[in-house]
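Novice: Just structure.txt, nothing more (compact mmCIF, C-alpha atoms):
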```txt
# COMPACT_ATOMS: atom_id res chain seq x y z
CA MET A 21 0.00 0.00 0.00
CA THR A 22 1.39 3.43 -0.93
CA ASN A 23 0.90 6.58 1.02
CA ALA A 24 -1.40 9.00 -0.75
CA PRO A 25 -0.25 12.60 -0.91
CA THR A 26 -1.56 14.60 1.99
CA SER A 27 -4.08 17.36 1.33
CA ASP A 28 -3.08 19.13 4.55
CA PRO A 29 -0.42 21.69 3.59
CA THR A 30 0.92 21.77 7.17
CA THR A 31 2.11 18.17 6.83
CA SER A 32 3.33 18.40 3.24
CA ALA A 33 6.82 17.29 2.27
CA ASN A 34 7.94 20.92 1.93
CA VAL A 35 6.89 21.71 5.50
CA ILE A 36 8.44 18.54 6.92
CA ASP A 37 11.68 19.33 5.05
CA MET A 38 11.63 22.89 6.42
CA LEU A 39 11.02 21.58 9.93
CA THR A 40 13.91 19.11 9.63
CA VAL A 41 16.40 21.67 8.31
CA ALA A 42 15.27 24.32 10.80
CA ASN A 43 15.65 21.89 13.69
CA GLU A 44 19.16 20.89 12.54
CA PHE A 45 20.13 24.57 12.23
CA CYS A 46 18.85 25.30 15.74
CA LEU A 47 20.53 22.28 17.34
CA PHE A 48 23.86 23.14 15.72
CA THR A 49 23.57 26.83 16.60
CA GLU A 50 22.91 25.97 20.25
CA LYS A 51 26.28 24.17 20.41
CA ALA A 52 28.27 26.10 17.77
CA GLU A 53 30.81 27.30 20.33
CA LYS A 54 31.93 23.68 20.81
CA TYR A 55 33.24 23.52 17.23
CA ASN A 56 36.21 25.23 15.68
CA PRO A 57 35.44 28.33 13.57
CA ASP A 58 36.18 26.56 10.26
CA GLU A 59 33.66 23.80 11.03
CA VAL A 60 31.05 26.40 11.99
CA LEU A 61 31.63 28.40 8.80
CA GLN A 62 31.45 25.29 6.64
CA TYR A 63 28.21 24.26 8.32
CA TYR A 64 26.55 27.65 7.87
CA ALA A 65 27.84 27.90 4.29
CA LYS A 66 25.91 24.73 3.54
CA ILE A 67 22.77 25.06 5.65
CA CYS A 68 21.93 28.73 5.06
CA PRO A 69 21.23 28.34 1.32
CA LEU A 70 19.19 25.23 2.11
CA LEU A 71 17.16 27.12 4.73
CA TYR A 72 16.51 29.90 2.24
CA LEU A 73 15.30 27.43 -0.38
CA LYS A 74 13.09 25.57 2.10
CA GLY A 75 11.61 28.85 3.35
CA ALA A 76 10.92 30.05 -0.18
CA ILE A 77 8.83 26.97 -1.01
CA LEU A 78 6.71 26.86 2.14
CA PRO A 79 3.02 26.65 1.27
CA VAL A 80 0.65 29.52 1.89
CA VAL A 81 -1.32 28.64 5.01
CA GLU A 82 -3.88 30.85 6.73
CA PRO A 83 -3.48 31.21 10.49
CA ASP A 84 -6.05 29.99 12.93
CA GLU A 85 -8.66 32.73 13.32
CA ASP A 86 -7.71 33.27 16.97
CA TYR A 87 -3.95 33.31 16.33
CA LEU A 88 -2.20 36.16 18.12
CA GLY A 89 1.37 35.05 17.54
CA GLU A 90 3.33 32.85 19.87
CA ARG A 91 7.01 33.31 20.61
CA PHE A 92 9.19 30.98 22.68
CA VAL A 93 12.74 32.32 22.41
CA ASN A 94 13.06 35.22 24.83
CA GLU A 95 15.59 38.05 24.83
CA ASP A 96 17.93 36.26 27.27
CA GLN A 97 18.00 33.14 25.10
CA TRP A 98 18.61 35.24 21.97
CA GLU A 99 21.47 37.04 23.71
CA SER A 100 23.00 33.75 24.84
CA ILE A 101 23.01 32.47 21.24
CA TYR A 102 24.38 35.80 19.98
CA ASN A 103 27.20 35.83 22.55
CA SER A 104 28.16 32.22 21.86
CA LEU A 105 28.37 32.99 18.13
CA LEU A 106 30.54 36.05 18.82
CA ILE A 107 33.08 33.67 20.34
CA VAL A 108 33.11 31.64 17.12
CA PHE A 109 33.68 34.66 14.87
CA PRO A 110 36.31 36.75 16.69
CA GLY A 111 37.48 39.50 14.39
CA ASN A 112 35.31 38.22 11.54
CA ASP A 113 31.83 39.09 12.81
CA ASP A 114 31.32 42.38 10.97
CA PHE A 115 30.29 42.59 7.34
CA TYR A 116 28.67 45.13 5.06
CA THR A 117 25.36 44.74 3.30
CA LEU A 118 23.00 46.91 1.31
CA SER A 119 19.57 47.95 2.49
CA TYR A 120 17.08 47.74 -0.32
CA GLU A 121 14.41 49.42 1.80
CA ASN A 122 15.73 52.87 0.95
CA ALA A 123 16.87 54.36 -2.34
CA ASP A 124 20.31 55.33 -1.01
CA ASN A 125 21.83 51.84 -1.28
CA VAL A 126 24.44 52.86 1.28
CA PRO A 127 26.40 49.90 2.70
CA LEU A 128 25.39 49.13 6.27
CA LYS A 129 27.61 47.49 8.88
CA ALA A 130 26.07 44.25 10.12
CA SER A 131 26.96 41.33 12.37
CA ILE A 132 27.10 37.67 11.35
CA SER A 133 26.31 36.65 14.94
CA GLU A 134 23.33 38.99 15.16
CA HIS A 135 21.91 37.79 11.86
CA LEU A 136 22.34 34.13 12.81
CA ALA A 137 20.77 34.74 16.24
CA ASP A 138 17.79 36.41 14.56
CA VAL A 139 17.35 33.47 12.18
CA TYR A 140 17.72 31.09 15.13
CA GLN A 141 14.98 32.88 17.07
CA ASP A 142 12.47 32.72 14.21
CA LEU A 143 13.25 29.10 13.37
CA LYS A 144 13.33 27.86 16.96
CA ASP A 145 9.92 29.47 17.50
CA PHE A 146 8.68 27.65 14.37
CA VAL A 147 10.05 24.29 15.53
CA LEU A 148 8.64 24.61 19.05
CA LEU A 149 5.18 25.72 17.90
CA TYR A 150 5.01 23.01 15.24
CA GLN A 151 6.00 20.35 17.78
CA LYS A 152 2.91 21.05 19.88
CA ASN A 153 1.37 18.52 17.51
CA LEU A 154 -2.03 20.18 17.37
CA SER A 155 -3.47 21.01 13.97
CA TYR A 156 -4.01 24.70 14.78
CA ALA A 157 -0.46 24.97 16.19
CA LYS A 158 1.02 23.44 13.03
CA GLN A 159 -1.11 25.76 10.92
CA ASN A 160 0.05 28.81 12.89
CA ALA A 161 3.68 27.62 12.88
CA VAL A 162 3.79 27.31 9.09
CA TYR A 163 1.99 30.62 8.66
CA GLU A 164 4.40 32.42 11.00
CA CYS A 165 7.51 30.78 9.52
CA ARG A 166 6.53 31.77 5.97
CA THR A 167 5.54 35.28 7.05
CA LEU A 168 8.82 35.78 8.89
CA PHE A 169 10.76 34.30 5.96
CA ILE A 170 9.31 37.02 3.74
CA SER A 171 9.69 39.85 6.25
CA HIS A 172 12.75 38.91 8.32
CA TRP A 173 14.82 35.75 8.36
CA GLY A 174 14.92 35.18 4.60
CA ALA A 175 16.49 38.61 4.08
CA ARG A 176 18.88 37.94 6.97
CA ILE A 177 20.14 34.76 5.31
CA ALA A 178 20.37 36.44 1.90
CA ALA A 179 22.49 39.22 3.42
CA LEU A 180 24.68 36.73 5.30
CA LEU A 181 25.57 34.48 2.39
CA PRO A 182 28.27 36.66 0.78
CA ALA A 183 29.97 37.21 4.15
CA ILE A 184 29.86 33.54 5.13
CA HIS A 185 30.99 32.50 1.65
CA ALA A 186 33.97 34.88 1.76
CA LEU A 187 35.06 33.49 5.15
CA ALA A 188 34.35 29.82 4.41
CA PHE A 189 35.90 29.82 0.93
CA PRO A 190 38.64 32.45 0.82
CA ALA A 191 39.87 33.33 -2.66
CA GLN A 192 42.86 31.28 -3.72
CA GLN A 193 45.97 33.33 -4.38
CA ASP A 194 47.46 31.26 -7.17
CA ASP A 195 49.69 33.20 -9.54
CA GLU A 196 49.10 30.66 -12.30
CA LEU A 197 45.36 31.33 -12.23
CA MET A 198 45.75 35.07 -12.51
CA PHE A 199 45.64 36.59 -15.98
```
So that I can check it, write out the structure of this file as structure tokens.

Specialist:
Amino acid sequence: MTNAPTSDPTTSANVIDMLTVANEFCLFTEKAEKYNPDEVLQYYAKICPLLYLKGAILPVVEPDEDYLGERFVNEDQWESIYNSLLIVFPGNDDFYTLSYENADNVPLKASISEHLADVYQDLKDFVLLYQKNLSYAKQNAVYECRTLFISHWGARIAALLPAIHALAFPAQQDDELMF
């Protein structure tokens, strides 16, 4: 007997994939300080594009009519993640990005640790709400994750990728390759 495709978008393959990748990102981020900086960079260089892809293909789900938003990661927890990431990126935490919200396109100084902590907060909230295993909680979790992907964490990852790439894969200085 084969499993028929589910008609519930909150349990679709795209949502389950997003949940899996988000959970892996959160678990790694919670213990990132235990790894050497190269391992951390290599991990984020691989998982961040995957998170972006998984967030971009989340289905449109309407929230439960009584949904007011539910957050789990508090400011102290966010700060703990941020501070542990600062330890991993000593001297390499700052990068410059463009803000496309204004017409100036002036480079803005940003922090890898801050961006990753922001992504962590949104994704950990998604994982914890989804794991309540109630249909309305799953519905609200997917709605909130997709909404925050569009308004917050998706842009954070997109801004981070050039900085993480530059640190994880430094340009090779090979005279033979230079023209």

Novice: Would you be able to write out as a ChimeraX atom specification which residues have an atom within 12 Å of (30.2, 38.5, 18.1) in the file's coordinates, counting only C-alpha atoms?

Specialist: /A:53,99-115,130-137

Novice: Do a neighbour search on A:Arg166 at 10 Å with all atoms listed in the file, toss out local chain neighbours closer than 2 positions, and write the hits as a list in words.

Specialist: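 The residues that qualify are Lys74, Gly75, Ala76, Ile77, Leu78, Pro79, Val80, Val81, Phe146, Asn160, Ala161, Val162, Tyr163, Glu164, Leu168, Phe169, Ile170, Ser171, His172, Trp173 and Gly174 of chain A.
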
Novice: With all atoms listed in the file as the atoms that count, which of A:Leu180, A:Val35, A:Ala188, A:Val139 lies nearest to A:Pro57?

Specialist: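 Once distances to A:Pro57 are computed over all atoms listed in the file, the minimum belongs to A:Ala188.
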
Novice: In Å, how far is it from atom CA of A:Ser119 to atom CA of A:Trp98?

Specialist: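 We find that atom CA of A:Ser119 and atom CA of A:Trp98 lie 23.3 Å from each other.
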
Novice: Which one of A:Ala157, A:Ile184, A:Leu118, A:Ala178 sits closest to A:Asp86 if you count all atoms listed in the file?

Specialist: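 Nearest to A:Asp86: A:Ala157.
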
Novice: Find, counting all atoms listed in the file, the residue in A:Glu95, A:Glu44, A:Glu121, A:Glu82 that gets nearest to A:Val147.

Specialist: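 Between A:Glu95, A:Glu44, A:Glu121, A:Glu82, the residue approaching A:Val147 most closely is A:Glu44.
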
Novice: Counting all atoms listed in the file, which of A:Ala175, A:Tyr120, A:Ala42, A:Glu59 gets nearest to A:Asp145?

Specialist: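 Once distances to A:Asp145 are computed over all atoms listed in the file, the minimum belongs to A:Ala42.
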
Novice: Pick the closest to A:Tyr156 from A:Tyr64, A:Leu70, A:Tyr87, A:Lys144: which is it, counting all atoms listed in the file?

Specialist: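 Using all atoms listed in the file, A:Tyr156 sits closest to A:Tyr87.
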
Novice: Between atom CA of A:Cys46 and atom CA of A:Gln97, what is the distance in Å, rounded to a tenth?

Specialist: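 Going from atom CA of A:Cys46 over to atom CA of A:Gln97, I get 12.2 Å.
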
Novice: Mind giving me the straight-line distance from atom CA of A:Gln151 to atom CA of A:Lys51 in Å, one decimal?

Specialist: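 According to the coordinates, atom CA of A:Gln151 and atom CA of A:Lys51 are separated by 20.8 Å.
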
Novice: Let me make sure I understand: among A:Leu47, A:Ala52, A:Leu154, A:Cys68, which one has the smallest atom-to-atom distance to A:His185 if we use all atoms listed in the file?

Specialist: A:Cys68

Novice: Around all the atoms of stretch 103-113 of chain A listed in the file, draw an axis-aligned box and extend it by 4 Å on each of the six sides; I want its centre and edge lengths in Å to one decimal, as JSON.

Specialist:
```
{"center_x": 32.3, "center_y": 35.6, "center_z": 17.0, "size_x": 18.3, "size_y": 15.9, "size_z": 19.0}
```

Novice: Excluding A:Leu148 and residues on its chain fewer than 5 positions from it, collect all residues at most 10 Å away from it, counting all atoms listed in the file, and give them as a PDB file with C-alpha atoms, in the coordinates of the input.

Specialist:
```
ATOM      1  CA  LEU A  39      11.020  21.580   9.930  1.00  0.00           C
ATOM      2  CA  ASN A  43      15.650  21.890  13.690  1.00  0.00           C
ATOM      3  CA  GLU A  90       3.330  32.850  19.870  1.00  0.00           C
ATOM      4  CA  ARG A  91       7.010  33.310  20.610  1.00  0.00           C
ATOM      5  CA  PHE A  92       9.190  30.980  22.680  1.00  0.00           C
ATOM      6  CA  VAL A  93      12.740  32.320  22.410  1.00  0.00           C
ATOM      7  CA  LEU A 143      13.250  29.100  13.370  1.00  0.00           C
ATOM      8  CA  ASN A 153       1.370  18.520  17.510  1.00  0.00           C
ATOM      9  CA  ALA A 157      -0.460  24.970  16.190  1.00  0.00           C
ATOM     10  CA  LYS A 158       1.020  23.440  13.030  1.00  0.00           C
ATOM     11  CA  ALA A 161       3.680  27.620  12.880  1.00  0.00           C
TER      12      ALA A 161
END
```
